[in-house]
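Chemist: For reference, the structure I am asking about is given below.
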Amino acid sequence: MQHERAEASFKRKEVQAREASKAMADYQAAHAATREKTARLKALRLEKEAADRAADEQAPAKPAKPKGAAKPKSAAKKRR
């Protein structure tokens with residue numbers, strides 16, 4: 001009887017060890033996928049920012065609005 005309990009305990013521990021290693025592999029795979037996705041998105045963001053900077057440099061400069069300029073009447077809030 002004691003031998004059967006010991007064997008059952010051993011089998012449970014074997015199953016737990018297999019499940020733990022599988023869970024760790026799944027965790028590491030998900031972490032690697034997250035790192036890859038983050039790197040890909042960062043590269044896309046940096047590429048877009050560089051393209052935006054290049055477009056800003058090539059675009060003609062817009063004249064700055066003087067501070068305190070009056071708003072057009074159409075933009076003024078209407079009272080009800």
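Lettering and numbering for the structure tokens are positional, with chains as A, B, ... in the shown order, residues counted from 1 in each chain, and ligands counted from 1 in the shown order.
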List every residue of chain A that DSSP, applied to the backbone, labels as alpha helix (DSSP H), and write the result as an NGL selection string.
Modeler: :A and (2-58)
Chemist: Distance CA of Ala33 in chain A-CA of Ala20 in chain A, one decimal place?
Modeler: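 These two atoms are separated by 19.8 Å.
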